[in-house]
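Accompanying notes for the structure given below.
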Amino acid sequence: MARDSCATRVAVGAAMGGAVGGAVGAVYGTYEAARYKIPGAMKIRHIGQTTLGSVALFGLFLAAGSLIHCGKSY
């Protein structure tokens with residue numbers, strides 16, 4: 001792929017969204033697990049599900065935003 005190709009920009013947008021979503025999801029999942037006093041191993045499962053959901057959502061939206069802005073040059 002070329003350095004400034006549309007596919008590269010979309011992939012970088014998805015990766016950045018995944019990184020941000022992972023951080024936000026881990027923090028929010030940990031907070032929620034502590035707040036609702038989720039027991040034992042279910043706590044790890046809950047944090048993982050929250051993190052993966054946030055990764056998917058943030059990655060999708062940042063990739064879509066990168067795709068929309070792909071044809072524009074500033």
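Residue names in the structure tokens use chain letters A, B, ... in the order shown, residue numbers from 1 in each chain, and ligand numbers from 1 in the order shown.
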
Tell me, which residues of range 2-46 of chain A carry DSSP alpha helix (DSSP H), written as a ChimeraX atom specification? /A:6-35,40-46

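Restricting the calculation to only C-alpha atoms, the smallest distance between Gly25 in chain A and any of A:Leu57, A:Ala63, A:Ala7, A:Val12 is found for A:Leu57.
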
Could you check the closest approach to Gly13 in chain A for each of A:Ala33, A:Ala41, A:Gly48, A:Leu62 and tell me which residue wins, using only C-alpha atoms?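 Closest candidate: A:Leu62.
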
Near Arg9 in chain A, counting only C-alpha atoms, which residues have an atom at most 8 Å away, once you skip same-chain residues fewer than 5 positions from it, shown as a ChimeraX atom specification? /A:4,66-67,70

Okay, now the selection with all heavy atoms, as a PDB file, in the first residue's frame?
```
ATOM      1  N   ASP A   4       0.237   7.283   1.539  1.00  0.00           N
ATOM      2  CA  ASP A   4      -0.915   8.150   1.745  1.00  0.00           C
ATOM      3  C   ASP A   4      -2.186   7.612   1.089  1.00  0.00           C
ATOM      4  O   ASP A   4      -3.090   8.379   0.793  1.00  0.00           O
ATOM      5  CB  ASP A   4      -0.627   9.560   1.217  1.00  0.00           C
ATOM      6  CG  ASP A   4       0.272  10.342   2.165  1.00  0.00           C
ATOM      7  OD1 ASP A   4       0.301   9.996   3.359  1.00  0.00           O
ATOM      8  OD2 ASP A   4       0.932  11.279   1.707  1.00  0.00           O
ATOM      9  N   SER A  66     -12.190   8.370   9.072  1.00  0.00           N
ATOM     10  CA  SER A  66     -11.041   8.429   8.170  1.00  0.00           C
ATOM     11  C   SER A  66     -11.468   8.167   6.724  1.00  0.00           C
ATOM     12  O   SER A  66     -10.945   8.793   5.801  1.00  0.00           O
ATOM     13  CB  SER A  66      -9.996   7.403   8.575  1.00  0.00           C
ATOM     14  OG  SER A  66      -9.497   7.690   9.854  1.00  0.00           O
ATOM     15  N   LEU A  67     -12.414   7.276   6.542  1.00  0.00           N
ATOM     16  CA  LEU A  67     -12.909   6.986   5.197  1.00  0.00           C
ATOM     17  C   LEU A  67     -13.658   8.184   4.621  1.00  0.00           C
ATOM     18  O   LEU A  67     -13.505   8.499   3.447  1.00  0.00           O
ATOM     19  CB  LEU A  67     -13.815   5.755   5.231  1.00  0.00           C
ATOM     20  CG  LEU A  67     -14.359   5.261   3.881  1.00  0.00           C
ATOM     21  CD1 LEU A  67     -13.189   4.835   3.010  1.00  0.00           C
ATOM     22  CD2 LEU A  67     -15.310   4.121   4.090  1.00  0.00           C
ATOM     23  N   CYS A  70     -11.188  10.796   3.551  1.00  0.00           N
ATOM     24  CA  CYS A  70     -10.119  10.249   2.715  1.00  0.00           C
ATOM     25  C   CYS A  70      -9.886  11.082   1.447  1.00  0.00           C
ATOM     26  O   CYS A  70      -8.750  11.297   1.061  1.00  0.00           O
ATOM     27  CB  CYS A  70     -10.442   8.813   2.348  1.00  0.00           C
ATOM     28  SG  CYS A  70      -9.044   7.928   1.711  1.00  0.00           S
TER      29      CYS A  70
END
```

Quick one: pull the distance between CA of Ile44 in chain A and CA of Ala23 in chain A, Å, one decimal. 15.2 Å

Identify which of the residues A:Ala14, A:Thr8, A:Tyr31, A:Arg3 lies closest to Ala64 in chain A, counting only C-alpha atoms when measuring atom-to-atom distances.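 Using only C-alpha atoms, Ala64 in chain A sits closest to A:Ala14.
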
Which residue out of A:Gly71, A:Gly29, A:Gly40, A:Gly53 has the minimum interatomic distance to Val10 in chain A when only C-alpha atoms are used?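 Comparing A:Gly71, A:Gly29, A:Gly40, A:Gly53 against Val10 in chain A, the winner is A:Gly71.
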
Nearest to Phe58 in chain A by atom-to-atom distance, counting only C-alpha atoms, from A:Ala19, A:Ala2, A:Ala34, A:Lys72: A:Ala19

Might you pull out every residue within 8 Å of Val55 in chain A, with only C-alpha atoms counted and same-chain residues fewer than 6 positions away left off, and present them as an MDAnalysis selection string? chainID A and resid 17:22 25

Using only C-alpha atoms, which of A:Pro39, A:Leu60, A:His46, A:Leu52 sits nearest Met16 in chain A?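 Among the listed residues, A:Leu60 lies closest to Met16 in chain A.
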
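Note that the spacing between CA of Tyr36 in chain A and CA of Gln49 in chain A amounts to 15.3 Å.
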